Amino acid sequence: MRRITKLAGAMLLMGASAASSGAELNLKLEIPRLDVAEYHRPYVAVWVENQDQSTAAQLAVWYQTDSKKEDGTQWLKDLRQWWRRGGRELQMPVDGVTGATRPVGAHVLTYKGSDKQLATLAPGKYNVVVEATREVGGRELLRLPFEWPGTQKQTATAQGKTELGAITLNVTP
Amino acid sequence: MKTALRAFAVSAALLAPFASHAHKMWLLPSATVSTVDQWITVDAAVSNDLFYFNHVPLRLDSLAITAPDGSKVNAENPFTGKYRSVFDVQLKQNGTYKVALVNNGLFASYEQNGQRKRWRGNAEKFAKEVPADANNLQVSESFGRVETFVTAGKPTETALKPANIGLELIPLTHPNDLYAGEASKFRFLIDGKPAANLDVVVQPGGTRYRNEQEEQKLKTDANGELSVNWPVPGMYWLETGTEDQKTSLKQAKQRRLSYVATFEVLPQ
């Protein structure tokens, strides 16, 4: 009996997000191999965007975090849409969000509705935005629409042309 | 002597822009979106073309840099060359900096012992230096600003507060949050009050590489406000000015007010 009360209390605390706590957002993004003389790994930002383009959730930011090199935070502004939409208000690093730049290849990001990145995301329509910018290279931004948490499994894809490869978003309610 | 003459010409241009219609004054920052502790370098020049130094430098005597907390910051490595002045600023605080040249001065012309004389200075010097028996005395006052804005990290508002003297711009859209394809709103004030029906010119840089000036001619509404559309990303030059009779010296009949700003408009 006591256990049941405790469980009910916990469910009550989770409130509105309880409905989406079992949901999952899975993103597969490819950093393409580029035939360039001077290659640097791209800075990449991934976030959830509201319909008015304001930021609903930060998912990932990959930048130069090596303390032996020049301070990598000075180039975060070059992820210029992310910078404008909230990047400039963050204190780096952000636990669970920021990390080192990643190599060429496919990278999989998975977030559960109960994870802190998505725990406060209200049900509704959003975009996942992926922005990449590279030293002595270009910049590319892709948007993938989805509904959170939705009623059935959703898949969205986008194909980058320069700094990003194929991106696949899967959302399961 | 030549240098002295040139220096006078530049000061005169800065103080009385309407006397030298053709030339544009401007500050050009190396970056407007930055992060704390980074440096910016700024060019200051007068030219017909935007933004190319090919005429005379802007003098830095009246440079006023306001930090995000409202304090004043000194420029580093100031230099004035043949065509431009340059200075550096380290953005030691998070937030928005206002970089401005603020010039307030008096001009007089008169005759003494049959000779035509010219004078410039401030009200205090006027009493000492312009003889009381000057004939055909003509005095005018001038108040001009040339500004630009730079932000480290998150944009802030403190440095943008008006001094409520002369002609000023109040950004209703933050001056470091301007994007191609989005409209931005500005309000103009004269002595702290809305400046209605002000003629404002907005022009994108890069004039050397196109045939048209591509000027936008705008007018402020009853609240002193206007909306600017930025067709393409880049550096833009904005200028406005007017005249009134609100002089600080009773001998001066007319006050010329001018305002210039350089804005960076970012791509989406």
# chains A, B, ... in the order shown; residues from 1 in each chain; ligands from 1
call {"tool": "select_by_dssp", "arguments": {"residues": "stretch 13-165 of chain A", "states": "strand (DSSP E)", "output": "number ranges by chain"}}
result
A: 24-31, 43-49, 55-63, 98-100, 105-112, 124-133, 139-148, 154-159
call {"tool": "interface_residues", "arguments": {"of": "chain B", "to": "chain A", "cutoff": "9 Å", "atoms": "only C-alpha atoms", "output": "compact mmCIF listing (two decimals) with C-alpha atoms, in the first residue's frame"}}
result
# COMPACT_ATOMS: atom_id res chain seq x y z
CA VAL B 33 28.96 39.45 -32.85
CA SER B 34 31.69 38.24 -30.54
CA THR B 35 32.44 36.61 -27.22
CA VAL B 36 33.90 37.91 -23.98
CA GLN B 38 37.90 38.86 -27.69
CA ALA B 152 30.07 39.90 -26.66
CA GLY B 153 27.71 37.03 -25.86
CA LYS B 154 24.14 37.98 -25.07
CA PRO B 155 22.92 41.43 -26.23
CA ASP B 177 20.16 41.39 -33.79
CA LEU B 266 23.51 38.86 -40.69
CA PRO B 267 22.32 36.12 -42.98
CA GLN B 268 19.55 33.81 -41.77
call {"tool": "residues_around", "arguments": {"residues": "A:Ile167", "least_positions_apart": "2", "cutoff": "6 Å", "atoms": "only C-alpha atoms", "output": "number ranges by chain"}}
result
A: 28-29, 157-158
call {"tool": "residues_around", "arguments": {"residues": "B:Ser30", "least_positions_apart": "5", "cutoff": "6 Å", "atoms": "only C-alpha atoms", "output": "list in words"}}
result
Ile40, Thr41 and Val42 of chain B
call {"tool": "write_last_selection", "arguments": {"atoms": "N, CA and C atoms", "output": "PDB file, in the first residue's frame"}}
result
ATOM      1  N   ILE B  40      38.123  43.542 -30.892  1.00  0.00           N
ATOM      2  CA  ILE B  40      37.670  44.009 -32.198  1.00  0.00           C
ATOM      3  C   ILE B  40      38.606  45.141 -32.612  1.00  0.00           C
ATOM      4  N   THR B  41      38.701  45.366 -33.897  1.00  0.00           N
ATOM      5  CA  THR B  41      39.432  46.530 -34.386  1.00  0.00           C
ATOM      6  C   THR B  41      38.446  47.333 -35.230  1.00  0.00           C
ATOM      7  N   VAL B  42      38.551  48.653 -35.146  1.00  0.00           N
ATOM      8  CA  VAL B  42      37.562  49.514 -35.789  1.00  0.00           C
ATOM      9  C   VAL B  42      38.266  50.522 -36.692  1.00  0.00           C
TER      10      VAL B  42
END
call {"tool": "select_by_dssp", "arguments": {"residues": "stretch 22-135 of chain A", "states": "helix (DSSP H, G or I)", "output": "PyMOL selection string"}}
result
chain A and resi 72-78+80-84+87-89
call {"tool": "residues_around", "arguments": {"residues": "B:Leu169", "least_positions_apart": "6", "cutoff": "8 Å", "atoms": "only C-alpha atoms", "output": "list in words"}}
result
Pro162, Phe186, Arg187, Phe188, Leu189 and Tyr259 of chain B
call {"tool": "residues_around", "arguments": {"residues": "B:Val99", "least_positions_apart": "6", "cutoff": "9 Å", "atoms": "only C-alpha atoms", "output": "ChimeraX atom specification"}}
result
/B:27,63-67,146-150
call {"tool": "write_last_selection", "arguments": {"atoms": "C-alpha atoms", "output": "PDB file, in the first residue's frame"}}
result
ATOM      1  CA  LEU B  27      33.004  53.566 -38.147  1.00  0.00           C
ATOM      2  CA  LEU B  63      35.845  58.776 -29.185  1.00  0.00           C
ATOM      3  CA  ALA B  64      33.527  57.484 -26.458  1.00  0.00           C
ATOM      4  CA  ILE B  65      33.224  53.724 -25.936  1.00  0.00           C
ATOM      5  CA  THR B  66      30.514  52.607 -23.521  1.00  0.00           C
ATOM      6  CA  ALA B  67      30.832  49.150 -21.935  1.00  0.00           C
ATOM      7  CA  VAL B 146      28.905  58.580 -35.472  1.00  0.00           C
ATOM      8  CA  GLU B 147      28.201  55.222 -33.863  1.00  0.00           C
ATOM      9  CA  THR B 148      28.404  51.471 -34.120  1.00  0.00           C
ATOM     10  CA  PHE B 149      27.512  48.576 -31.821  1.00  0.00           C
ATOM     11  CA  VAL B 150      29.285  45.375 -30.845  1.00  0.00           C
TER      12      VAL B 150
END
call {"tool": "atom_distance", "arguments": {"atom1": "atom CA of B:Ala159", "atom2": "atom CA of B:Gly95"}}
result
8.9 Å
call {"tool": "closest_residue", "arguments": {"among": "B:Phe263, B:Tyr110, B:Phe143, B:Phe87", "to": "B:Ala180", "atoms": "only C-alpha atoms"}}
result
B:Phe263
call {"tool": "closest_residue", "arguments": {"among": "B:Ala261, B:Ala222, B:Leu198, B:Val228", "to": "B:Glu243", "atoms": "only C-alpha atoms"}}
result
B:Leu198
call {"tool": "atom_distance", "arguments": {"atom1": "atom CA of B:Glu225", "atom2": "atom CA of B:Ser248"}}
result
26.4 Å
call {"tool": "residues_around", "arguments": {"residues": "B:Gly70", "least_positions_apart": "5", "cutoff": "9 Å", "atoms": "only C-alpha atoms", "output": "short mmCIF file (atom, residue, chain, number, x, y, z; two decimals) with C-alpha atoms, in the first residue's frame"}}
result
data_model
loop_
_atom_site.label_atom_id
_atom_site.label_comp_id
_atom_site.auth_asym_id
_atom_site.auth_seq_id
_atom_site.Cartn_x
_atom_site.Cartn_y
_atom_site.Cartn_z
CA TYR B 97 29.21 48.02 -26.33
CA THR B 158 22.55 49.50 -20.72
CA ALA B 159 25.04 51.01 -23.19
CA LEU B 160 22.19 51.94 -25.53
CA LYS B 161 20.51 54.35 -23.11
#
call {"tool": "closest_residue", "arguments": {"among": "B:Lys117, B:Thr96, B:Ala31, B:Ser227", "to": "B:Thr173", "atoms": "only C-alpha atoms"}}
result
B:Ser227
call {"tool": "atom_distance", "arguments": {"atom1": "atom CA of A:Ala57", "atom2": "atom CA of B:Asn94"}}
result
23.3 Å
call {"tool": "decode", "arguments": {"residues": "stretch 188-200 of chain B", "atoms": "N, CA and C atoms", "output": "PDB file, in the first residue's frame"}}
result
ATOM      1  N   PHE B 188      14.129  57.717 -33.160  1.00  0.00           N
ATOM      2  CA  PHE B 188      15.091  58.808 -33.077  1.00  0.00           C
ATOM      3  C   PHE B 188      14.589  59.854 -32.088  1.00  0.00           C
ATOM      4  N   LEU B 189      15.526  60.396 -31.320  1.00  0.00           N
ATOM      5  CA  LEU B 189      15.188  61.409 -30.323  1.00  0.00           C
ATOM      6  C   LEU B 189      16.029  62.655 -30.566  1.00  0.00           C
ATOM      7  N   ILE B 190      15.423  63.810 -30.314  1.00  0.00           N
ATOM      8  CA  ILE B 190      16.196  65.054 -30.252  1.00  0.00           C
ATOM      9  C   ILE B 190      16.030  65.596 -28.835  1.00  0.00           C
ATOM     10  N   ASP B 191      17.133  65.723 -28.141  1.00  0.00           N
ATOM     11  CA  ASP B 191      17.129  66.132 -26.730  1.00  0.00           C
ATOM     12  C   ASP B 191      16.148  65.270 -25.918  1.00  0.00           C
ATOM     13  N   GLY B 192      16.073  64.004 -26.243  1.00  0.00           N
ATOM     14  CA  GLY B 192      15.257  63.062 -25.481  1.00  0.00           C
ATOM     15  C   GLY B 192      13.806  62.973 -25.915  1.00  0.00           C
ATOM     16  N   LYS B 193      13.418  63.802 -26.906  1.00  0.00           N
ATOM     17  CA  LYS B 193      12.018  63.763 -27.357  1.00  0.00           C
ATOM     18  C   LYS B 193      11.928  63.169 -28.766  1.00  0.00           C
ATOM     19  N   PRO B 194      10.842  62.434 -29.068  1.00  0.00           N
ATOM     20  CA  PRO B 194      10.727  61.805 -30.388  1.00  0.00           C
ATOM     21  C   PRO B 194      10.923  62.802 -31.533  1.00  0.00           C
ATOM     22  N   ALA B 195      11.743  62.401 -32.518  1.00  0.00           N
ATOM     23  CA  ALA B 195      12.035  63.268 -33.660  1.00  0.00           C
ATOM     24  C   ALA B 195      11.189  62.809 -34.853  1.00  0.00           C
ATOM     25  N   ALA B 196      10.067  63.490 -35.066  1.00  0.00           N
ATOM     26  CA  ALA B 196       9.152  63.124 -36.158  1.00  0.00           C
ATOM     27  C   ALA B 196       9.624  63.722 -37.475  1.00  0.00           C
ATOM     28  N   ASN B 197       9.203  63.081 -38.579  1.00  0.00           N
ATOM     29  CA  ASN B 197       9.483  63.573 -39.939  1.00  0.00           C
ATOM     30  C   ASN B 197      10.957  63.788 -40.249  1.00  0.00           C
ATOM     31  N   LEU B 198      11.764  62.949 -39.693  1.00  0.00           N
ATOM     32  CA  LEU B 198      13.199  63.026 -39.939  1.00  0.00           C
ATOM     33  C   LEU B 198      13.504  62.224 -41.208  1.00  0.00           C
ATOM     34  N   ASP B 199      14.293  62.801 -42.096  1.00  0.00           N
ATOM     35  CA  ASP B 199      14.704  62.066 -43.295  1.00  0.00           C
ATOM     36  C   ASP B 199      15.901  61.193 -42.953  1.00  0.00           C
ATOM     37  N   VAL B 200      15.782  59.915 -43.238  1.00  0.00           N
ATOM     38  CA  VAL B 200      16.835  58.954 -42.894  1.00  0.00           C
ATOM     39  C   VAL B 200      17.239  58.189 -44.157  1.00  0.00           C
TER      40      VAL B 200
END
